[in-house]
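Read through the structure below, which is laid out as C-alpha coordinates, and then see the notes.
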Amino acid sequence: MGRLAGVSANSIGLRSERGPVLAAVMLSTALVAIDATIIATAVPSIVKDIGGFTEFPWLFSIYLLAQAVSVPIYGKLNDLFGRKPVVLWGIGLFLVGSIMCGVAWAIWPLIAFRLVQGLGAGAIMPTTITIVGDLYSVRERARVQGYVASVWGIASVVGPTLGGVFSEYLSWRWIFFVNIPLCLLAAAMFVRRFHERVERGHPVIDYTGATLLAAGLALVVLGALEGGQAWAWDSPAGIAVLTLGAALLVAFAVVERRAASPVLPLWVFRRRLLVTSGLISVGVGAILFGLTSYVPTYAQDVLGTGPLVAGFALATLTLGWPIAGSQAGRVYLRLGFRWCALIGTMLVLAGCALLLLLGRTSGVPMVATDCLVIGLGMGLTASPTLIAAQSSVGWADRGVVTAGNLFLRSLGSAVGVAVFGAIANATVGGGPVDPAALTVAVHRIFVGIALIAIALIALALLIPRSADVAITEGAPAATDKQARI
(Lines give C-alpha, C1' and ligand atoms only; values in the text may rest on other atoms or scores of the structure.)
Protein backbone atom coordinates (compact mmCIF):
# COMPACT_ATOMS: atom_id res chain seq x y z
CA MET A 1 0.00 0.00 0.00
CA GLY A 2 1.64 3.19 -1.04
CA ARG A 3 2.12 6.67 0.18
CA LEU A 4 0.66 8.71 2.98
CA ALA A 5 -2.95 9.48 2.26
CA GLY A 6 -3.55 12.99 1.04
CA VAL A 7 -0.09 14.32 1.86
CA SER A 8 1.88 16.50 -0.50
CA ALA A 9 5.41 15.35 -1.21
CA ASN A 10 6.68 18.84 -0.39
CA SER A 11 5.02 19.15 3.04
CA ILE A 12 7.88 18.45 5.38
CA GLY A 13 8.30 21.15 8.06
CA LEU A 14 6.72 21.34 11.51
CA ARG A 15 3.86 23.44 10.11
CA SER A 16 3.00 20.88 7.44
CA GLU A 17 0.31 18.23 7.72
CA ARG A 18 2.84 15.74 9.06
CA GLY A 19 4.39 18.39 11.31
CA PRO A 20 2.60 17.40 14.56
CA VAL A 21 3.80 13.80 14.20
CA LEU A 22 7.35 15.00 13.50
CA ALA A 23 7.10 17.22 16.59
CA ALA A 24 5.96 14.22 18.65
CA VAL A 25 8.93 12.22 17.32
CA MET A 26 11.32 15.06 18.24
CA LEU A 27 9.81 15.41 21.72
CA SER A 28 10.04 11.66 22.35
CA THR A 29 13.63 11.64 21.12
CA ALA A 30 14.36 14.55 23.45
CA LEU A 31 13.27 12.44 26.43
CA VAL A 32 16.01 9.91 25.72
CA ALA A 33 18.60 12.45 24.54
CA ILE A 34 18.30 14.70 27.60
CA ASP A 35 18.21 11.73 29.97
CA ALA A 36 21.54 10.57 28.50
CA THR A 37 23.27 13.77 29.66
CA ILE A 38 21.24 15.29 32.51
CA ILE A 39 22.03 12.65 35.15
CA ALA A 40 25.84 12.87 34.84
CA THR A 41 26.06 16.32 36.45
CA ALA A 42 23.68 15.28 39.25
CA VAL A 43 25.62 12.21 40.45
CA PRO A 44 27.48 14.06 43.27
CA SER A 45 24.17 15.42 44.61
CA ILE A 46 22.51 12.00 44.38
CA VAL A 47 25.36 10.30 46.25
CA LYS A 48 25.39 13.02 48.90
CA ASP A 49 21.66 12.62 49.49
CA ILE A 50 21.06 8.86 49.37
CA GLY A 51 24.61 7.43 49.38
CA GLY A 52 25.99 4.71 47.14
CA PHE A 53 29.24 6.14 45.77
CA THR A 54 30.59 2.71 44.85
CA GLU A 55 27.28 1.68 43.24
CA PHE A 56 26.52 4.81 41.19
CA PRO A 57 28.09 3.47 37.92
CA TRP A 58 25.17 1.04 37.85
CA LEU A 59 22.87 4.02 37.26
CA PHE A 60 24.37 4.15 33.77
CA SER A 61 25.11 0.45 33.22
CA ILE A 62 21.61 -0.84 34.06
CA TYR A 63 19.99 1.80 31.84
CA LEU A 64 22.26 0.93 28.91
CA LEU A 65 21.74 -2.79 29.48
CA ALA A 66 17.93 -2.54 29.58
CA GLN A 67 17.82 -0.34 26.51
CA ALA A 68 20.21 -2.51 24.49
CA VAL A 69 18.50 -5.81 25.30
CA SER A 70 14.94 -4.61 24.67
CA VAL A 71 15.53 -2.76 21.38
CA PRO A 72 15.49 -5.86 19.07
CA ILE A 73 12.31 -7.17 20.69
CA TYR A 74 10.53 -3.84 20.38
CA GLY A 75 11.63 -3.72 16.75
CA LYS A 76 9.77 -6.96 16.05
CA LEU A 77 6.69 -5.76 17.97
CA ASN A 78 6.71 -2.67 15.74
CA ASP A 79 6.35 -4.88 12.70
CA LEU A 80 3.69 -7.11 14.29
CA PHE A 81 1.40 -4.55 15.92
CA GLY A 82 2.34 -1.21 14.38
CA ARG A 83 4.38 1.73 15.62
CA LYS A 84 1.76 3.60 17.65
CA PRO A 85 1.09 1.08 20.46
CA VAL A 86 4.81 0.41 20.90
CA VAL A 87 5.82 4.07 21.15
CA LEU A 88 2.95 4.79 23.59
CA TRP A 89 4.02 1.80 25.69
CA GLY A 90 7.60 3.09 25.70
CA ILE A 91 6.56 6.61 26.71
CA GLY A 92 4.37 5.14 29.47
CA LEU A 93 7.21 3.01 30.84
CA PHE A 94 9.60 5.94 30.68
CA LEU A 95 7.06 8.07 32.58
CA VAL A 96 6.56 5.46 35.31
CA GLY A 97 10.31 4.93 35.59
CA SER A 98 10.93 8.68 35.87
CA ILE A 99 8.37 9.09 38.66
CA MET A 100 9.80 6.12 40.55
CA CYS A 101 13.36 7.44 40.15
CA GLY A 102 12.23 10.81 41.48
CA VAL A 103 10.93 9.29 44.71
CA ALA A 104 13.77 6.78 45.20
CA TRP A 105 14.90 6.57 48.83
CA ALA A 106 18.19 4.69 48.36
CA ILE A 107 20.70 3.92 45.62
CA TRP A 108 19.56 0.36 44.84
CA PRO A 109 15.87 1.27 44.36
CA LEU A 110 17.06 4.12 42.13
CA ILE A 111 19.12 1.65 40.09
CA ALA A 112 16.08 -0.66 39.78
CA PHE A 113 13.89 2.22 38.61
CA ARG A 114 16.52 3.22 36.05
CA LEU A 115 15.98 -0.28 34.64
CA VAL A 116 12.34 0.65 34.02
CA GLN A 117 13.42 3.87 32.33
CA GLY A 118 15.82 1.94 30.12
CA LEU A 119 13.08 -0.44 29.00
CA GLY A 120 10.98 2.58 28.03
CA ALA A 121 13.85 4.16 26.12
CA GLY A 122 14.40 0.84 24.36
CA ALA A 123 10.92 1.17 22.86
CA ILE A 124 11.05 4.89 22.09
CA MET A 125 14.28 5.09 20.10
CA PRO A 126 13.76 2.43 17.40
CA THR A 127 10.07 3.25 17.05
CA THR A 128 10.49 6.98 16.48
CA ILE A 129 13.22 6.37 13.91
CA THR A 130 11.02 3.78 12.20
CA ILE A 131 8.08 6.23 12.15
CA VAL A 132 10.27 8.75 10.32
CA GLY A 133 11.15 6.00 7.83
CA ASP A 134 7.44 5.32 7.32
CA LEU A 135 6.30 8.92 6.98
CA TYR A 136 9.03 10.28 4.71
CA SER A 137 10.74 9.07 1.56
CA VAL A 138 14.53 8.89 1.34
CA ARG A 139 14.71 12.31 -0.34
CA GLU A 140 12.40 13.84 2.26
CA ARG A 141 14.44 12.37 5.10
CA ALA A 142 17.42 14.33 3.81
CA ARG A 143 15.59 17.40 5.14
CA VAL A 144 13.77 15.82 8.07
CA GLN A 145 17.09 14.50 9.40
CA GLY A 146 18.03 18.07 10.30
CA TYR A 147 15.03 18.39 12.63
CA VAL A 148 15.77 15.15 14.48
CA ALA A 149 19.53 15.82 14.61
CA SER A 150 18.88 19.23 16.17
CA VAL A 151 17.28 17.48 19.16
CA TRP A 152 20.56 15.78 20.06
CA GLY A 153 22.51 19.01 19.60
CA ILE A 154 20.19 20.94 21.90
CA ALA A 155 20.14 18.08 24.43
CA SER A 156 23.95 18.06 24.60
CA VAL A 157 23.78 21.63 25.93
CA VAL A 158 20.45 21.66 27.78
CA GLY A 159 20.91 18.31 29.57
CA PRO A 160 24.05 19.08 31.61
CA THR A 161 22.82 22.62 32.27
CA LEU A 162 19.46 21.46 33.61
CA GLY A 163 21.17 18.78 35.68
CA GLY A 164 23.42 21.37 37.28
CA VAL A 165 20.61 23.87 37.90
CA PHE A 166 18.26 21.30 39.45
CA SER A 167 21.01 19.84 41.63
CA GLU A 168 22.24 23.21 42.89
CA TYR A 169 19.04 25.22 43.26
CA LEU A 170 16.17 22.70 43.58
CA SER A 171 16.77 18.97 43.99
CA TRP A 172 18.34 16.22 41.91
CA ARG A 173 14.89 14.58 41.91
CA TRP A 174 13.70 17.18 39.41
CA ILE A 175 15.95 15.74 36.72
CA PHE A 176 13.41 12.90 36.67
CA PHE A 177 10.22 14.82 37.48
CA VAL A 178 10.82 17.16 34.51
CA ASN A 179 10.04 14.18 32.26
CA ILE A 180 6.42 14.01 33.47
CA PRO A 181 4.97 16.89 31.38
CA LEU A 182 7.17 15.98 28.42
CA CYS A 183 5.95 12.35 28.41
CA LEU A 184 2.30 13.38 28.73
CA LEU A 185 2.60 15.91 25.90
CA ALA A 186 4.39 13.48 23.57
CA ALA A 187 1.83 10.74 24.23
CA ALA A 188 -1.08 13.13 23.64
CA MET A 189 0.40 14.24 20.30
CA PHE A 190 0.80 10.65 19.10
CA VAL A 191 -2.73 9.71 20.21
CA ARG A 192 -4.33 12.66 18.46
CA ARG A 193 -2.30 13.03 15.29
CA PHE A 194 -0.62 9.74 14.36
CA HIS A 195 -2.80 6.99 12.89
CA GLU A 196 -1.86 3.88 10.98
CA ARG A 197 -3.81 1.15 9.28
CA VAL A 198 -2.20 -2.12 10.24
CA GLU A 199 -3.44 -5.48 9.00
CA ARG A 200 -2.99 -7.26 12.29
CA GLY A 201 -4.48 -10.64 11.35
CA HIS A 202 -3.31 -13.26 13.84
CA PRO A 203 0.32 -12.35 14.61
CA VAL A 204 2.47 -15.16 15.94
CA ILE A 205 4.74 -14.06 18.78
CA ASP A 206 8.05 -15.87 19.11
CA TYR A 207 8.12 -16.10 22.92
CA THR A 208 10.91 -18.67 23.02
CA GLY A 209 13.13 -16.69 20.69
CA ALA A 210 12.43 -13.42 22.53
CA THR A 211 13.30 -15.01 25.89
CA LEU A 212 16.53 -16.57 24.63
CA LEU A 213 17.54 -13.36 22.86
CA ALA A 214 16.84 -11.14 25.88
CA ALA A 215 18.62 -13.46 28.31
CA GLY A 216 21.61 -14.05 26.04
CA LEU A 217 22.07 -10.38 25.19
CA ALA A 218 21.65 -9.38 28.83
CA LEU A 219 24.45 -11.70 29.93
CA VAL A 220 26.80 -10.76 27.07
CA VAL A 221 26.28 -7.00 27.53
CA LEU A 222 26.51 -7.37 31.32
CA GLY A 223 29.74 -9.32 30.96
CA ALA A 224 31.17 -6.66 28.66
CA LEU A 225 30.13 -3.81 30.96
CA GLU A 226 31.31 -5.32 34.24
CA GLY A 227 34.27 -7.45 33.09
CA GLY A 228 37.47 -6.10 34.63
CA GLN A 229 35.44 -3.95 37.03
CA ALA A 230 32.90 -5.87 39.12
CA TRP A 231 34.90 -9.06 38.47
CA ALA A 232 38.11 -10.07 36.71
CA TRP A 233 37.86 -11.23 33.11
CA ASP A 234 39.38 -14.62 33.97
CA SER A 235 37.39 -15.09 37.19
CA PRO A 236 34.77 -17.87 37.43
CA ALA A 237 31.99 -15.23 37.43
CA GLY A 238 33.37 -13.45 34.36
CA ILE A 239 33.83 -16.66 32.37
CA ALA A 240 30.44 -18.06 33.43
CA VAL A 241 28.47 -14.93 32.47
CA LEU A 242 29.97 -14.66 28.98
CA THR A 243 29.87 -18.41 28.33
CA LEU A 244 26.23 -18.75 29.36
CA GLY A 245 25.30 -15.66 27.33
CA ALA A 246 27.00 -17.06 24.22
CA ALA A 247 25.30 -20.44 24.71
CA LEU A 248 21.87 -18.81 24.94
CA LEU A 249 22.52 -16.84 21.75
CA VAL A 250 23.53 -20.04 19.94
CA ALA A 251 20.30 -21.66 21.15
CA PHE A 252 18.44 -18.57 19.93
CA ALA A 253 19.93 -18.94 16.44
CA VAL A 254 18.84 -22.60 16.34
CA VAL A 255 15.29 -21.73 17.43
CA GLU A 256 14.99 -18.86 14.93
CA ARG A 257 15.72 -21.19 12.00
CA ARG A 258 12.45 -23.01 12.71
CA ALA A 259 10.30 -20.17 14.13
CA ALA A 260 7.18 -19.22 12.15
CA SER A 261 7.67 -15.52 12.88
CA PRO A 262 11.20 -15.06 14.29
CA VAL A 263 11.79 -12.10 16.58
CA LEU A 264 15.06 -11.44 14.72
CA PRO A 265 15.02 -13.05 11.26
CA LEU A 266 18.36 -14.59 10.35
CA TRP A 267 18.16 -13.18 6.79
CA VAL A 268 19.18 -9.86 8.35
CA PHE A 269 22.68 -11.32 8.70
CA ARG A 270 22.82 -12.45 5.07
CA ARG A 271 22.27 -9.11 3.33
CA ARG A 272 25.48 -7.23 2.62
CA LEU A 273 24.05 -3.75 3.17
CA LEU A 274 22.45 -4.68 6.50
CA VAL A 275 25.59 -6.44 7.77
CA THR A 276 27.84 -3.57 6.68
CA SER A 277 25.66 -0.85 8.20
CA GLY A 278 25.35 -2.94 11.39
CA LEU A 279 29.11 -3.34 11.77
CA ILE A 280 29.56 0.38 11.16
CA SER A 281 27.08 0.96 13.99
CA VAL A 282 29.18 -1.25 16.29
CA GLY A 283 32.26 0.86 15.51
CA VAL A 284 30.37 4.11 16.01
CA GLY A 285 29.20 2.96 19.44
CA ALA A 286 32.70 1.90 20.50
CA ILE A 287 34.28 5.20 19.43
CA LEU A 288 31.53 7.26 21.01
CA PHE A 289 31.78 5.68 24.44
CA GLY A 290 35.56 5.49 24.29
CA LEU A 291 35.74 9.25 23.83
CA THR A 292 32.92 9.94 26.31
CA SER A 293 34.67 7.92 28.98
CA TYR A 294 38.26 9.12 28.60
CA VAL A 295 38.36 12.61 27.06
CA PRO A 296 36.99 14.28 30.26
CA THR A 297 39.35 12.17 32.39
CA TYR A 298 42.31 13.20 30.23
CA ALA A 299 41.32 16.88 30.34
CA GLN A 300 40.96 16.89 34.12
CA ASP A 301 43.68 14.56 35.40
CA VAL A 302 46.35 15.24 32.77
CA LEU A 303 45.69 18.81 31.61
CA GLY A 304 44.49 19.94 35.04
CA THR A 305 41.20 21.52 33.96
CA GLY A 306 37.95 21.61 35.92
CA PRO A 307 34.87 19.51 35.17
CA LEU A 308 33.14 22.35 33.31
CA VAL A 309 36.04 22.89 30.89
CA ALA A 310 36.47 19.12 30.45
CA GLY A 311 32.78 18.90 29.59
CA PHE A 312 33.22 21.62 26.97
CA ALA A 313 36.01 19.61 25.30
CA LEU A 314 33.66 16.66 24.89
CA ALA A 315 30.59 18.79 24.03
CA THR A 316 32.10 19.66 20.65
CA LEU A 317 31.71 15.97 19.73
CA THR A 318 28.00 15.98 20.54
CA LEU A 319 27.54 19.32 18.77
CA GLY A 320 29.46 18.37 15.62
CA TRP A 321 27.43 15.18 15.19
CA PRO A 322 23.98 16.80 14.72
CA ILE A 323 25.45 19.69 12.71
CA ALA A 324 26.88 17.28 10.14
CA GLY A 325 23.85 14.99 10.47
CA SER A 326 21.54 17.83 9.47
CA GLN A 327 23.55 18.29 6.25
CA ALA A 328 24.19 14.62 5.52
CA GLY A 329 21.07 14.43 3.38
CA ARG A 330 22.50 16.92 0.90
CA VAL A 331 25.64 14.80 0.63
CA TYR A 332 24.00 11.41 0.07
CA LEU A 333 21.43 12.85 -2.34
CA ARG A 334 24.27 14.20 -4.47
CA LEU A 335 26.95 11.51 -4.00
CA GLY A 336 25.09 8.47 -2.66
CA PHE A 337 25.18 6.64 0.68
CA ARG A 338 28.53 4.97 0.00
CA TRP A 339 30.45 8.18 -0.63
CA CYS A 340 28.69 9.97 2.23
CA ALA A 341 29.82 7.22 4.62
CA LEU A 342 33.33 7.30 3.16
CA ILE A 343 33.66 11.04 3.69
CA GLY A 344 32.33 10.65 7.23
CA THR A 345 34.62 7.78 8.18
CA MET A 346 37.66 9.59 6.75
CA LEU A 347 36.79 12.61 8.90
CA VAL A 348 36.54 10.33 11.92
CA LEU A 349 39.99 8.91 11.14
CA ALA A 350 41.41 12.41 10.68
CA GLY A 351 40.07 13.43 14.10
CA CYS A 352 41.46 10.27 15.68
CA ALA A 353 44.87 10.93 14.09
CA LEU A 354 44.83 14.40 15.66
CA LEU A 355 44.08 12.84 19.04
CA LEU A 356 47.35 10.91 18.78
CA LEU A 357 49.22 14.24 18.79
CA LEU A 358 47.88 15.18 22.24
CA GLY A 359 50.25 15.16 25.19
CA ARG A 360 50.62 16.49 28.73
CA THR A 361 51.07 20.06 27.50
CA SER A 362 48.24 20.15 24.96
CA GLY A 363 45.54 22.75 25.34
CA VAL A 364 41.82 22.15 25.79
CA PRO A 365 40.98 23.99 22.53
CA MET A 366 43.03 21.39 20.65
CA VAL A 367 41.15 18.55 22.35
CA ALA A 368 37.83 20.24 21.55
CA THR A 369 38.83 20.71 17.90
CA ASP A 370 39.76 17.05 17.54
CA CYS A 371 36.43 15.98 19.04
CA LEU A 372 34.58 18.39 16.74
CA VAL A 373 36.17 16.79 13.66
CA ILE A 374 35.21 13.32 14.90
CA GLY A 375 31.66 14.51 15.63
CA LEU A 376 31.32 15.90 12.11
CA GLY A 377 32.46 12.57 10.72
CA MET A 378 29.98 10.68 12.90
CA GLY A 379 27.15 12.83 11.60
CA LEU A 380 27.99 11.87 8.02
CA THR A 381 28.33 8.18 8.91
CA ALA A 382 25.79 7.00 11.48
CA SER A 383 22.45 8.35 10.23
CA PRO A 384 23.03 7.88 6.45
CA THR A 385 24.03 4.22 6.86
CA LEU A 386 20.95 3.61 9.03
CA ILE A 387 18.71 5.31 6.45
CA ALA A 388 20.26 3.18 3.71
CA ALA A 389 19.47 0.03 5.70
CA GLN A 390 15.90 1.16 6.40
CA SER A 391 15.29 1.98 2.74
CA SER A 392 16.32 -1.49 1.60
CA VAL A 393 13.29 -3.16 3.24
CA GLY A 394 9.53 -2.68 3.33
CA TRP A 395 7.18 -1.67 6.14
CA ALA A 396 6.89 -5.18 7.55
CA ASP A 397 10.65 -5.46 8.21
CA ARG A 398 11.65 -1.85 8.86
CA GLY A 399 11.19 -2.08 12.63
CA VAL A 400 13.46 -5.11 12.93
CA VAL A 401 16.17 -3.56 10.74
CA THR A 402 16.09 -0.22 12.60
CA ALA A 403 16.15 -1.86 16.03
CA GLY A 404 18.95 -4.23 15.03
CA ASN A 405 21.12 -1.33 13.92
CA LEU A 406 20.54 0.60 17.15
CA PHE A 407 21.18 -2.50 19.24
CA LEU A 408 24.52 -3.06 17.54
CA ARG A 409 25.50 0.52 18.39
CA SER A 410 24.69 -0.17 22.06
CA LEU A 411 26.63 -3.43 21.89
CA GLY A 412 29.60 -1.58 20.42
CA SER A 413 29.39 0.92 23.27
CA ALA A 414 29.40 -1.82 25.88
CA VAL A 415 32.28 -3.70 24.27
CA GLY A 416 34.20 -0.46 23.74
CA VAL A 417 33.86 0.50 27.41
CA ALA A 418 35.08 -2.97 28.42
CA VAL A 419 38.07 -3.09 26.06
CA PHE A 420 39.20 0.47 26.67
CA GLY A 421 38.72 0.01 30.41
CA ALA A 422 40.95 -3.06 30.32
CA ILE A 423 43.62 -1.06 28.45
CA ALA A 424 43.45 1.76 30.99
CA ASN A 425 43.57 -0.54 34.02
CA ALA A 426 46.49 -2.51 32.62
CA THR A 427 48.46 0.70 32.05
CA VAL A 428 47.59 2.77 35.13
CA GLY A 429 47.33 -0.07 37.65
CA GLY A 430 45.38 0.00 40.86
CA GLY A 431 47.29 2.71 42.74
CA PRO A 432 46.93 6.51 42.71
CA VAL A 433 46.47 7.98 39.24
CA ASP A 434 49.78 9.24 37.88
CA PRO A 435 49.40 11.86 35.09
CA ALA A 436 52.29 10.34 33.13
CA ALA A 437 50.82 6.81 33.28
CA LEU A 438 47.34 8.15 32.49
CA THR A 439 48.73 9.98 29.45
CA VAL A 440 50.17 6.69 28.17
CA ALA A 441 46.89 4.88 28.88
CA VAL A 442 44.76 7.48 27.09
CA HIS A 443 47.20 7.52 24.15
CA ARG A 444 46.82 3.73 23.80
CA ILE A 445 43.03 4.11 23.91
CA PHE A 446 43.24 6.75 21.16
CA VAL A 447 45.31 4.31 19.09
CA GLY A 448 42.53 1.74 19.54
CA ILE A 449 39.92 4.29 18.47
CA ALA A 450 42.00 5.15 15.38
CA LEU A 451 42.18 1.46 14.43
CA ILE A 452 38.38 1.25 14.68
CA ALA A 453 38.14 4.32 12.43
CA ILE A 454 40.30 2.53 9.81
CA ALA A 455 37.93 -0.44 10.01
CA LEU A 456 34.99 1.92 9.46
CA ILE A 457 36.55 3.17 6.22
CA ALA A 458 36.94 -0.42 5.02
CA LEU A 459 33.30 -1.12 5.88
CA ALA A 460 32.14 2.02 4.06
CA LEU A 461 33.91 0.76 0.94
CA LEU A 462 31.88 -2.46 1.22
CA ILE A 463 28.52 -0.66 1.09
CA PRO A 464 26.94 -1.93 -2.15
CA ARG A 465 26.24 0.62 -4.87
CA SER A 466 22.72 -0.80 -5.03
CA ALA A 467 22.02 1.05 -1.75
CA ASP A 468 21.62 4.23 -3.82
CA VAL A 469 18.70 2.80 -5.81
CA ALA A 470 16.31 4.05 -3.13
CA ILE A 471 17.56 7.60 -3.78
CA THR A 472 17.25 7.52 -7.54
CA GLU A 473 13.87 5.84 -7.45
CA GLY A 474 12.52 8.04 -4.65
CA ALA A 475 11.68 5.13 -2.37
CA PRO A 476 8.12 5.47 -1.06
CA ALA A 477 7.60 6.56 2.49
CA ALA A 478 5.35 3.66 3.42
CA THR A 479 5.23 0.30 1.69
CA ASP A 480 3.25 -2.87 2.30
CA LYS A 481 1.06 -1.11 4.84
CA GLN A 482 -0.15 2.45 5.08
CA ALA A 483 0.53 5.07 7.70
CA ARG A 484 -1.48 8.25 7.74
CA ILE A 485 -1.89 11.38 9.84
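Note on naming: chains are A, B, ... as they come in the C-alpha coordinates, residues start from 1 per chain, ligands start from 1 in the order shown.
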
Give me, as a PyMOL selection string, the residues of stretch 267-386 of chain A that a backbone DSSP run labels alpha helix (DSSP H). chain A and resi 272-301+307-335+337-355+364-379+382-386

Pick out the residues sitting within 9 Å of stretch 460-467 of chain A, and hand them over as a PyMOL selection string; count only C-alpha atoms, and ignore anything fewer than 3 positions along from it in its own chain. chain A and resi 272-273+276-277+280+336-342+345+381+385+388-389+391-392+455-457+470-471

When distances are computed from only C-alpha atoms, which of A:Asn405, A:Thr243, A:Thr427, A:Ser167 shows the smallest separation from A:Gly283? A:Asn405

Could you build a table of the residues in stretch 313-411 of chain A lying no more than 9 Å from stretch 75-96 of chain A, giving for each the nearest pair of atoms and their separation in Å rounded to one decimal place, using only C-alpha atoms, ordered by chain and ascending residue number, as CSV?
```
residue,atom,partner,partner_atom,distance
A:Trp395,CA,A:Asp79,CA,7.4
A:Ala396,CA,A:Asp79,CA,5.2
A:Asp397,CA,A:Asp79,CA,6.2
A:Arg398,CA,A:Asp79,CA,7.2
A:Gly399,CA,A:Gly75,CA,4.5
A:Val400,CA,A:Gly75,CA,4.5
A:Val401,CA,A:Gly75,CA,7.5
A:Thr402,CA,A:Gly75,CA,7.0
A:Ala403,CA,A:Gly75,CA,4.9
A:Gly404,CA,A:Gly75,CA,7.5
```

Tell me which protein, DNA and RNA residues are within 9 Å of A:Gly377, counting only C-alpha atoms, leaving out same-chain ones fewer than 6 positions away, and put them as a list in words. Gly320, Trp321, Ala324, Gly325, Ala341, Ile343, Gly344, Thr345, Met346, Leu347, Val348, Leu349, Ala350 and Gly351 of chain A

Return the single residue from A:Leu357, A:Val43, A:Ala422, A:Ile124 that is closest to A:Ala24, with distances computed using only C-alpha atoms.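 For A:Ala24, the nearest of the given residues is A:Ile124.
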